[in-house]
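Working notes, structure below.
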2 protein chains.
Amino acid sequence: MTGDRLADLRGELHQQAVEGVIIPRADEHLGEYVPARAERLAWLTGFTGSAGLAAVTQSRAAVFSDGRYVLQLQAQTDGARWERCHMVDEPAAAWLASTGARRIGYDPWLISEEGLKPYTEAGLEMVPLPRNPVDAVWENQPPPPLGPARPHALDVAGRASSEKRAEIGAALKAAGHDAAVISDGASIAWLFNIRGHDVPFTPFALGFAVIDQQGHSTLFMDGAKLSPETRGWLGNDVEIAEPCELAGRLALLQGKRVRVDPNASPVWFALTLRAAGAEVVAGMDPCLLPKACKNPVEQQGARHAHARDALAMSRFLYWLTSAVGTETEMSAATRLLALRAELPGFRGESFSAISGAGEHGAIIHYRVTPESNRAIRPNELYLIDSGAQYEDGTTDITRTIWTGPDAPSALVRDRFTRVLRGHIAIDRLIFPAGVCGQHLDAFARAALWQIGLDYDHGTGHGVGSYLSVHEGPVSLSRAARPVPLAAGMILSNEPGYYLPGSFGIRIENLLLVRAKEFPQGGRPFLGFETLTWAPIDRQLIDVTLLSAEERSWVDRYHARVLGLVAPQVDADVAAWLHRVCAPLEG
Amino acid sequence: MTGDRLADLRGELHQQAVEGVIIPRADEHLGEYVPARAERLAWLTGFTGSAGLAAVTQSRAAVFSDGRYVLQLQAQTDGARWERCHMVDEPAAAWLASTGARRIGYDPWLISEEGLKPYTEAGLEMVPLPRNPVDAVWENQPPPPLGPARPHALDVAGRASSEKRAEIGAALKAAGHDAAVISDGASIAWLFNIRGHDVPFTPFALGFAVIDQQGHSTLFMDGAKLSPETRGWLGNDVEIAEPCELAGRLALLQGKRVRVDPNASPVWFALTLRAAGAEVVAGMDPCLLPKACKNPVEQQGARHAHARDALAMSRFLYWLTSAVGTETEMSAATRLLALRAELPGFRGESFSAISGAGEHGAIIHYRVTPESNRAIRPNELYLIDSGAQYEDGTTDITRTIWTGPDAPSALVRDRFTRVLRGHIAIDRLIFPAGVCGQHLDAFARAALWQIGLDYDHGTGHGVGSYLSVHEGPVSLSRAARPVPLAAGMILSNEPGYYLPGSFGIRIENLLLVRAKEFPQGGRPFLGFETLTWAPIDRQLIDVTLLSAEERSWVDRYHARVLGLVAPQVDADVAAWLHRVCAPLEG
């Protein structure tokens, strides 16, 4: 070890006989949030963004990220050592091919089979490395997380793990697959009704599982995470094994058809299974769809969690009215967190809040830092996108507030009202079974499109049940997967509009997909039940732009907020709520 | 020949040493309309529907079609000899596999590479036959059509064929393809600026072409179709060859990369090229997209053709007011055809008109026959979907009329108004470049979806320029291809609602996709220009269901119809138009 991390890594490449390497920001579960141990990209390059990858050869090195992180990438990495690239405009595969290096190493635990494709298609020889080359040179690398896995009780989970396992087994049987590999943190948590503390913001107890047609399962998890109580909860039908036993167990699947998700699982599984003589069948993680369709207990949990979250949001928005000029983006986010922490069942934030005043609101993935922190000033827009993990549900809400005391400009009101119209259009939709996210996304945008405007993010994402705040397989976006919306799914509805350097607007509620009955019967229809209840800033609404139906939606929504929240909050908050939830005028 | 067609065919299968055969309804260009010679399915089975296929083994025989043709299939085929199957519920590939037959013959000229896949995936050995087994036993089979190919003049085509060929050549070069095969009738007509008479309703001069990176082209077409004038029009840069020379010419492409459309071209091309040592690259017919984006002259032609067509439609709808009770579905269609035939540039119908009164209107693809023909009666809905080929453009319009004299029921007005709201929603859309048909389709349905209703067809299809009334690659439907809408495309906008056994409603205009400018600039946006002008029956509109914007759309639309048509028609038609185009009341 020279202490020069890049030099040390290059030495390791030499030892492992490859000409280059890719270092993605990923752990062995390929999830959005990763444990400290897996922050190899940050350790190597300094770059801490949530999407990124380094590519290193003996003579060159580059860090790749996307449009969100252009400035951060420049600020955090050393330009003398690192080329900084846009992963879409200049993909790492093309960059590597251009270096002349051919044998490129990778850690097969940190990339999926699909993720590997661009590299092989670029003509590179991709070499799975027996040991991660960063781990080999990273002194004081944090250990794997060992937070205890805890039971997720039936009164919030709604269905016994044994039932879920039997259902997954039956699905495998129907598909003609002998077994499936499960590596996604959320799938492990859902399938076994356990929760943990292994990554930020999401209560994963990380592990792997193999499940067969009878629902027989082996859970590969560090035994230190499993208390006797949790072992008892898992029951005798779940075999517990150490992660290091995985390769040996997979070898027993010789001759079997084993489903591996080519997008969600590390390619290590496919490589290991094929080497053992198993037939690898590409297929979606079998937990993905049943997990996305919340059962009635989870649905009721979501309603309860959102009803409590509504108290924190109303208290926060009331507090904000007297905080303008004195408080900051950071102190406001802290305040909201404190208000949520008082609520029963609170387990933490579901993501790092986006608290952006004025021009910061236009940065779609803004994360306030001590350096960027600024006061929330009068007469500007303030955008707060935040959420919480409760034991009965996960929340995610965005409100955009005019700080006053003057009235907002006509332009700001026009843009806000168009975003609101898009939000209402999605909320009111009724649609037949079979419709997918890409068929609905445009309803959120049509009012902006009419004047040549748009926003550069999806309209909505799936949300878990005391699990990931971003959950597949369904989303509301133009590029959504061809998986239809189904009853029980929870989706965000968050159209926005951003004027860079000036302001950002976003209005986000969570929606529950529900079956919709009609007297004539016939084909099944679906609609949305609104889960999120917090005032939408009336100062920002241009009533003349709303149709009668839209106006009525706003008034009904505010009446529900008032009825739900006012009886449970202090008199001053209730009095304020009565004002901001009054029917629209004019 | 025994005179027993099925027995003769089986004898031929025996001779060609296959255990079964598929007989699709298709010609060598895989288009929607086929010459009489290619009506092999009808000759063999009696079934004349536009979508179908027969599968025959030595012991069993089946005819397959889709939901539209269930009754017709029963009526036209002999149940003692033919099993009748739904091609979606019981695909021919599965049926054949279930017979135990393994070696299945097919004519490689009549099916695409993609079309063949379900058969090979079902485990069948698909054997390309050197001669079509129906042709071998069909005495008095009609000869190939030999209508003259005529120049499509520059004042309607808008761009010289040489320019188009150079553009296609450049596109091939950019894609790294040495040449492309063109087999689609519309592509041949567009690329060489020729039109012909080879199939009903569409002015194809059928042929094939091979084009290279320099735009050098060989047109394979029966010399009898090419007059000295047309040969002169094609010019010296287009080499003419007989279709029988195709195999020999393709053999010259040994070692070259040749693009073949796996959906649009017969698999014969891929088989022949591969046998000759060429590399077949799957790719979209390179004419498809440039043909779909009409040039300014074609756009102006479309406006002119529609303005003339509007005269026939208004005269027809006026005539209809005094025809109820005395005229029939058939005589009405004949009348409309006669009114169109008077117009300059008329070349024929663009498809067989759908003229359906009352319950017949609910049959989406209804074609009136002498047996089904019935009077148009008072107090019912009458649906007429028709179109024409003019030398400057192709039209396609549907109107649904209340025959009176009493007022329509509230239910009928509600359904009509919801269909109209969907029609208006599409017409008014503005959207950014990159949006595809599947992102917009739902706007046409949302008003019906709100009460649990829908319609079982796409919202719109592409339309050619004095070419196919159904043109790819873009459509408005949930399953549309991922090809974005682009300026110059012409699409139909035809939402509907059908109550089987009672009535059908459809409102169809054609739309031209146009660039939309906004003062702030930025990303390119698109919108629609309405091309079709004919009154929408005001008796059927429930004004209380319309928003202010929708109401204003109807009034503006009718004002345009009135301004365009009234000055050009007789006084009685004009007076009627003034009434039916008046602003909405109530």
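The chains in the structure tokens are called A, B, ... from first to last as shown; in each chain the residues are counted from 1, and the ligands are counted from 1 in the order shown.
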
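Within 7 Å of chain A, counting only C-alpha atoms, chain B contributes B:Ile430, B:Phe431, B:Gln438, B:His439, B:Leu440, B:Ala442, B:Trp449, B:Gln450, B:Gly452, B:Arg478, B:Phe518, B:Phe525.
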
Kindly save the residues from that selection, with N, CA and C atoms included, as a PDB file, in the first residue's frame.
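Wrote it out as out_4.pdb, contents follow:
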ATOM      1  N   ILE B 430     -50.761  19.239 -27.465  1.00  0.00           N
ATOM      2  CA  ILE B 430     -49.435  19.731 -27.847  1.00  0.00           C
ATOM      3  C   ILE B 430     -48.457  18.912 -27.012  1.00  0.00           C
ATOM      4  N   PHE B 431     -47.358  18.489 -27.627  1.00  0.00           N
ATOM      5  CA  PHE B 431     -46.484  17.529 -26.930  1.00  0.00           C
ATOM      6  C   PHE B 431     -45.059  17.670 -27.455  1.00  0.00           C
ATOM      7  N   GLN B 438     -48.341   5.502 -28.054  1.00  0.00           N
ATOM      8  CA  GLN B 438     -48.868   4.884 -26.830  1.00  0.00           C
ATOM      9  C   GLN B 438     -48.932   5.868 -25.672  1.00  0.00           C
ATOM     10  N   HIS B 439     -48.211   6.985 -25.775  1.00  0.00           N
ATOM     11  CA  HIS B 439     -48.261   7.988 -24.703  1.00  0.00           C
ATOM     12  C   HIS B 439     -49.491   8.888 -24.817  1.00  0.00           C
ATOM     13  N   LEU B 440     -50.153   8.893 -25.981  1.00  0.00           N
ATOM     14  CA  LEU B 440     -51.256   9.823 -26.215  1.00  0.00           C
ATOM     15  C   LEU B 440     -52.611   9.145 -26.305  1.00  0.00           C
ATOM     16  N   ALA B 442     -54.476   7.354 -24.519  1.00  0.00           N
ATOM     17  CA  ALA B 442     -55.419   7.381 -23.388  1.00  0.00           C
ATOM     18  C   ALA B 442     -56.231   8.674 -23.342  1.00  0.00           C
ATOM     19  N   TRP B 449     -63.528   6.164 -19.936  1.00  0.00           N
ATOM     20  CA  TRP B 449     -62.998   5.428 -18.785  1.00  0.00           C
ATOM     21  C   TRP B 449     -63.638   5.908 -17.488  1.00  0.00           C
ATOM     22  N   GLN B 450     -63.944   7.211 -17.412  1.00  0.00           N
ATOM     23  CA  GLN B 450     -64.510   7.746 -16.166  1.00  0.00           C
ATOM     24  C   GLN B 450     -65.783   7.017 -15.765  1.00  0.00           C
ATOM     25  N   GLY B 452     -66.338   3.770 -16.787  1.00  0.00           N
ATOM     26  CA  GLY B 452     -66.113   2.335 -16.934  1.00  0.00           C
ATOM     27  C   GLY B 452     -66.338   1.807 -18.345  1.00  0.00           C
ATOM     28  N   ARG B 478     -52.416   1.815 -27.635  1.00  0.00           N
ATOM     29  CA  ARG B 478     -51.680   1.420 -26.439  1.00  0.00           C
ATOM     30  C   ARG B 478     -50.463   0.588 -26.805  1.00  0.00           C
ATOM     31  N   PHE B 518     -42.841  28.090 -29.710  1.00  0.00           N
ATOM     32  CA  PHE B 518     -43.166  28.846 -28.505  1.00  0.00           C
ATOM     33  C   PHE B 518     -42.116  29.934 -28.298  1.00  0.00           C
ATOM     34  N   PHE B 525     -41.486  21.230 -29.925  1.00  0.00           N
ATOM     35  CA  PHE B 525     -42.833  20.723 -29.624  1.00  0.00           C
ATOM     36  C   PHE B 525     -43.600  20.475 -30.911  1.00  0.00           C
TER      37      PHE B 525
END

*Skip Thr459 (chain A) itself and residues of its chain fewer than 5 positions away, then list as number ranges by chain all residues within 6 Å of it, counting only C-alpha atoms.*
A: 476-477, 493-495

*Could you give me, as an MDAnalysis selection string, the residues within 12 Å of Asn236 (chain B), counting only C-alpha atoms and dropping anything in the same chain fewer than 3 positions from it?*
chainID B and resid 162 216:219 230:233 239:240

Keeping only N, CA and C atoms, write those residues as an mmCIF file, in the first residue's frame.
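Done, and the output landed in selection-v5.cif:
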data_model
loop_
_atom_site.group_PDB
_atom_site.id
_atom_site.type_symbol
_atom_site.label_atom_id
_atom_site.label_comp_id
_atom_site.auth_asym_id
_atom_site.auth_seq_id
_atom_site.Cartn_x
_atom_site.Cartn_y
_atom_site.Cartn_z
ATOM 1 N N SER B 162 -35.044 10.878 -57.368
ATOM 2 C CA SER B 162 -33.579 10.854 -57.244
ATOM 3 C C SER B 162 -33.150 11.386 -55.874
ATOM 4 N N HIS B 216 -28.215 4.056 -55.791
ATOM 5 C CA HIS B 216 -28.427 3.281 -57.024
ATOM 6 C C HIS B 216 -29.464 2.211 -56.756
ATOM 7 N N SER B 217 -30.439 2.118 -57.673
ATOM 8 C CA SER B 217 -31.573 1.230 -57.424
ATOM 9 C C SER B 217 -31.845 0.352 -58.613
ATOM 10 N N THR B 218 -32.264 -0.856 -58.296
ATOM 11 C CA THR B 218 -32.834 -1.729 -59.312
ATOM 12 C C THR B 218 -34.284 -1.962 -58.946
ATOM 13 N N LEU B 219 -35.165 -1.691 -59.906
ATOM 14 C CA LEU B 219 -36.594 -1.889 -59.695
ATOM 15 C C LEU B 219 -37.001 -3.165 -60.408
ATOM 16 N N THR B 230 -43.367 5.933 -68.581
ATOM 17 C CA THR B 230 -42.989 5.646 -67.190
ATOM 18 C C THR B 230 -41.504 5.310 -67.089
ATOM 19 N N ARG B 231 -40.998 4.580 -68.088
ATOM 20 C CA ARG B 231 -39.558 4.294 -68.091
ATOM 21 C C ARG B 231 -38.754 5.584 -68.166
ATOM 22 N N GLY B 232 -39.244 6.517 -68.963
ATOM 23 C CA GLY B 232 -38.569 7.814 -69.060
ATOM 24 C C GLY B 232 -38.617 8.566 -67.733
ATOM 25 N N TRP B 233 -39.761 8.503 -67.086
ATOM 26 C CA TRP B 233 -39.966 9.160 -65.787
ATOM 27 C C TRP B 233 -39.022 8.578 -64.735
ATOM 28 N N GLU B 239 -32.361 1.144 -62.654
ATOM 29 C CA GLU B 239 -32.274 -0.011 -63.531
ATOM 30 C C GLU B 239 -33.567 -0.815 -63.402
ATOM 31 N N ILE B 240 -34.089 -1.253 -64.543
ATOM 32 C CA ILE B 240 -35.321 -2.047 -64.523
ATOM 33 C C ILE B 240 -34.944 -3.511 -64.731
#

*Considering only C-alpha atoms, return as a list in words whatever protein or nucleic-acid residues lie within 6 Å of Gly504 (chain A), sequence-local ones (same chain, fewer than 5 positions apart) excluded.*
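Near Gly504 (chain A), the qualifying residues are Gly361, Ala362, Tyr497 and Tyr498 of chain A.
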
Just-selected residues, all heavy atoms written as a CSV table (one decimal), in the first residue's frame:
chain,number,residue,atom,x,y,z
A,361,GLY,N,-34.7,25.4,-5.5
A,361,GLY,CA,-35.8,24.5,-5.8
A,361,GLY,C,-35.8,24.0,-7.3
A,361,GLY,O,-36.4,23.0,-7.6
A,362,ALA,N,-35.0,24.7,-8.1
A,362,ALA,CA,-34.9,24.2,-9.5
A,362,ALA,C,-34.0,23.1,-9.7
A,362,ALA,O,-33.9,22.5,-10.8
A,362,ALA,CB,-34.5,25.4,-10.4
A,497,TYR,N,-42.4,21.7,-12.2
A,497,TYR,CA,-41.9,22.6,-13.3
A,497,TYR,C,-40.7,23.4,-12.6
A,497,TYR,O,-40.7,23.8,-11.5
A,497,TYR,CB,-42.9,23.6,-13.7
A,497,TYR,CG,-42.3,24.7,-14.6
A,497,TYR,CD1,-41.9,24.3,-15.9
A,497,TYR,CD2,-42.1,26.0,-14.2
A,497,TYR,CE1,-41.2,25.3,-16.7
A,497,TYR,CE2,-41.4,26.9,-15.0
A,497,TYR,CZ,-41.0,26.5,-16.2
A,497,TYR,OH,-40.4,27.5,-17.0
A,498,TYR,N,-39.6,23.5,-13.4
A,498,TYR,CA,-38.4,24.1,-12.9
A,498,TYR,C,-37.8,25.1,-13.8
A,498,TYR,O,-37.7,24.9,-15.0
A,498,TYR,CB,-37.3,23.0,-12.7
A,498,TYR,CG,-37.9,21.8,-12.0
A,498,TYR,CD1,-38.6,20.8,-12.6
A,498,TYR,CD2,-37.9,21.8,-10.6
A,498,TYR,CE1,-39.2,19.7,-11.9
A,498,TYR,CE2,-38.6,20.8,-9.9
A,498,TYR,CZ,-39.2,19.8,-10.5
A,498,TYR,OH,-39.8,18.7,-9.9

*Would you please give, as JSON, numbers by chain, all residues of region 278-424 of chain A that DSSP assigns to helix (DSSP H, G or I) based on the backbone?*
{"A": [288, 289, 290, 291, 292, 296, 297, 298, 299, 300, 301, 302, 303, 304, 305, 306, 307, 308, 309, 310, 311, 312, 313, 314, 315, 316, 317, 318, 319, 320, 321, 329, 330, 331, 332, 333, 334, 335, 336, 337, 338, 339, 340, 341, 358, 359, 360, 361, 362, 410, 411, 412, 413, 414, 415, 416, 417, 418, 419, 420, 421, 422, 423, 424]}

Restricting it to C-alpha atoms, dump the selection as a CSV table (one decimal), in the first residue's frame.
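Final file, selection.csv:
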chain,number,residue,atom,x,y,z
A,288,LEU,CA,-41.5,-7.9,-7.3
A,289,LEU,CA,-45.1,-7.9,-8.4
A,290,PRO,CA,-46.7,-9.5,-5.3
A,291,LYS,CA,-44.7,-7.1,-3.1
A,292,ALA,CA,-45.8,-4.1,-5.1
A,296,PRO,CA,-55.4,-5.0,2.7
A,297,VAL,CA,-53.5,-4.8,6.0
A,298,GLU,CA,-50.6,-3.0,4.3
A,299,GLN,CA,-53.1,-0.7,2.6
A,300,GLN,CA,-54.8,0.1,5.9
A,301,GLY,CA,-51.3,0.7,7.3
A,302,ALA,CA,-50.5,3.1,4.6
A,303,ARG,CA,-53.6,5.1,5.3
A,304,HIS,CA,-52.8,5.2,9.0
A,305,ALA,CA,-49.1,6.1,8.4
A,306,HIS,CA,-50.2,8.9,6.0
A,307,ALA,CA,-52.8,10.2,8.4
A,308,ARG,CA,-50.1,10.6,11.1
A,309,ASP,CA,-47.6,12.0,8.6
A,310,ALA,CA,-50.3,14.6,7.8
A,311,LEU,CA,-50.0,16.0,11.3
A,312,ALA,CA,-46.3,16.6,11.0
A,313,MET,CA,-46.7,18.2,7.6
A,314,SER,CA,-49.5,20.6,8.8
A,315,ARG,CA,-47.5,21.5,11.9
A,316,PHE,CA,-44.5,22.1,9.7
A,317,LEU,CA,-46.2,24.3,7.1
A,318,TYR,CA,-47.8,26.3,9.9
A,319,TRP,CA,-44.4,26.7,11.6
A,320,LEU,CA,-43.0,27.8,8.3
A,321,THR,CA,-45.3,30.8,8.1
A,329,GLU,CA,-33.2,25.1,4.3
A,330,MET,CA,-31.3,23.0,6.7
A,331,SER,CA,-33.1,24.1,9.9
A,332,ALA,CA,-36.4,23.6,8.2
A,333,ALA,CA,-35.6,20.1,7.2
A,334,THR,CA,-34.4,19.4,10.7
A,335,ARG,CA,-37.6,20.8,12.1
A,336,LEU,CA,-39.8,18.6,9.9
A,337,LEU,CA,-37.8,15.6,10.9
A,338,ALA,CA,-38.3,16.4,14.6
A,339,LEU,CA,-42.0,16.8,14.0
A,340,ARG,CA,-42.2,13.4,12.4
A,341,ALA,CA,-40.0,11.8,15.1
A,358,GLY,CA,-35.7,30.0,-4.5
A,359,GLU,CA,-33.2,29.0,-7.1
A,360,HIS,CA,-32.3,25.8,-5.2
A,361,GLY,CA,-35.8,24.5,-5.8
A,362,ALA,CA,-34.9,24.2,-9.5
A,410,ALA,CA,-48.7,35.9,-12.5
A,411,LEU,CA,-46.0,33.7,-14.1
A,412,VAL,CA,-45.3,31.7,-10.9
A,413,ARG,CA,-49.1,31.2,-10.3
A,414,ASP,CA,-49.6,30.1,-14.0
A,415,ARG,CA,-46.8,27.5,-13.7
A,416,PHE,CA,-47.9,26.3,-10.3
A,417,THR,CA,-51.5,26.0,-11.5
A,418,ARG,CA,-50.5,24.0,-14.6
A,419,VAL,CA,-48.5,21.6,-12.3
A,420,LEU,CA,-51.5,21.3,-10.1
A,421,ARG,CA,-53.8,20.6,-13.1
A,422,GLY,CA,-51.4,17.8,-14.1
A,423,HIS,CA,-51.4,16.4,-10.5
A,424,ILE,CA,-55.3,16.5,-10.4

*Could you pull the residues within 8 Å of Ile182 (chain A), counting only C-alpha atoms, minus those fewer than 6 positions along the same chain, as a list of chain:residue names?*
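Near neighbours after the sequence-gap exclusion: A:Ile188, A:Phe208, A:Ala209, A:Val210, A:Ile211, A:Val260, A:Ser265, A:Asp285.
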
_Close residues, Leu44 (chain A) itself excluded, 9 Å, only C-alpha atoms, min 4 positions apart in chain, as a PyMOL selection string_ = chain A and resi 5-6+9+23+39-40+54+134+138

Can you list, as a CSV table (one decimal) with N, CA and C atoms, in the first residue's frame, every protein, DNA or RNA residue that comes within 6 Å of region 268-275 of chain A when you count only C-alpha atoms, leaving out same-chain residues fewer than 2 positions away?
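Listing of selection03.csv after writing:
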chain,number,residue,atom,x,y,z
A,108,PRO,N,-18.1,-9.5,-10.0
A,108,PRO,CA,-19.4,-10.0,-10.4
A,108,PRO,C,-20.5,-9.9,-9.4
A,109,TRP,N,-20.2,-9.4,-8.2
A,109,TRP,CA,-21.2,-9.2,-7.2
A,109,TRP,C,-21.8,-7.8,-7.3
A,266,PRO,N,-27.0,-9.7,-9.0
A,266,PRO,CA,-25.6,-9.7,-9.5
A,266,PRO,C,-25.3,-10.8,-10.5
A,277,GLY,N,-23.6,-26.2,-13.7
A,277,GLY,CA,-24.4,-27.0,-14.6
A,277,GLY,C,-25.9,-26.8,-14.4
A,278,ALA,N,-26.3,-25.7,-13.8
A,278,ALA,CA,-27.7,-25.4,-13.8
A,278,ALA,C,-28.1,-24.6,-15.0
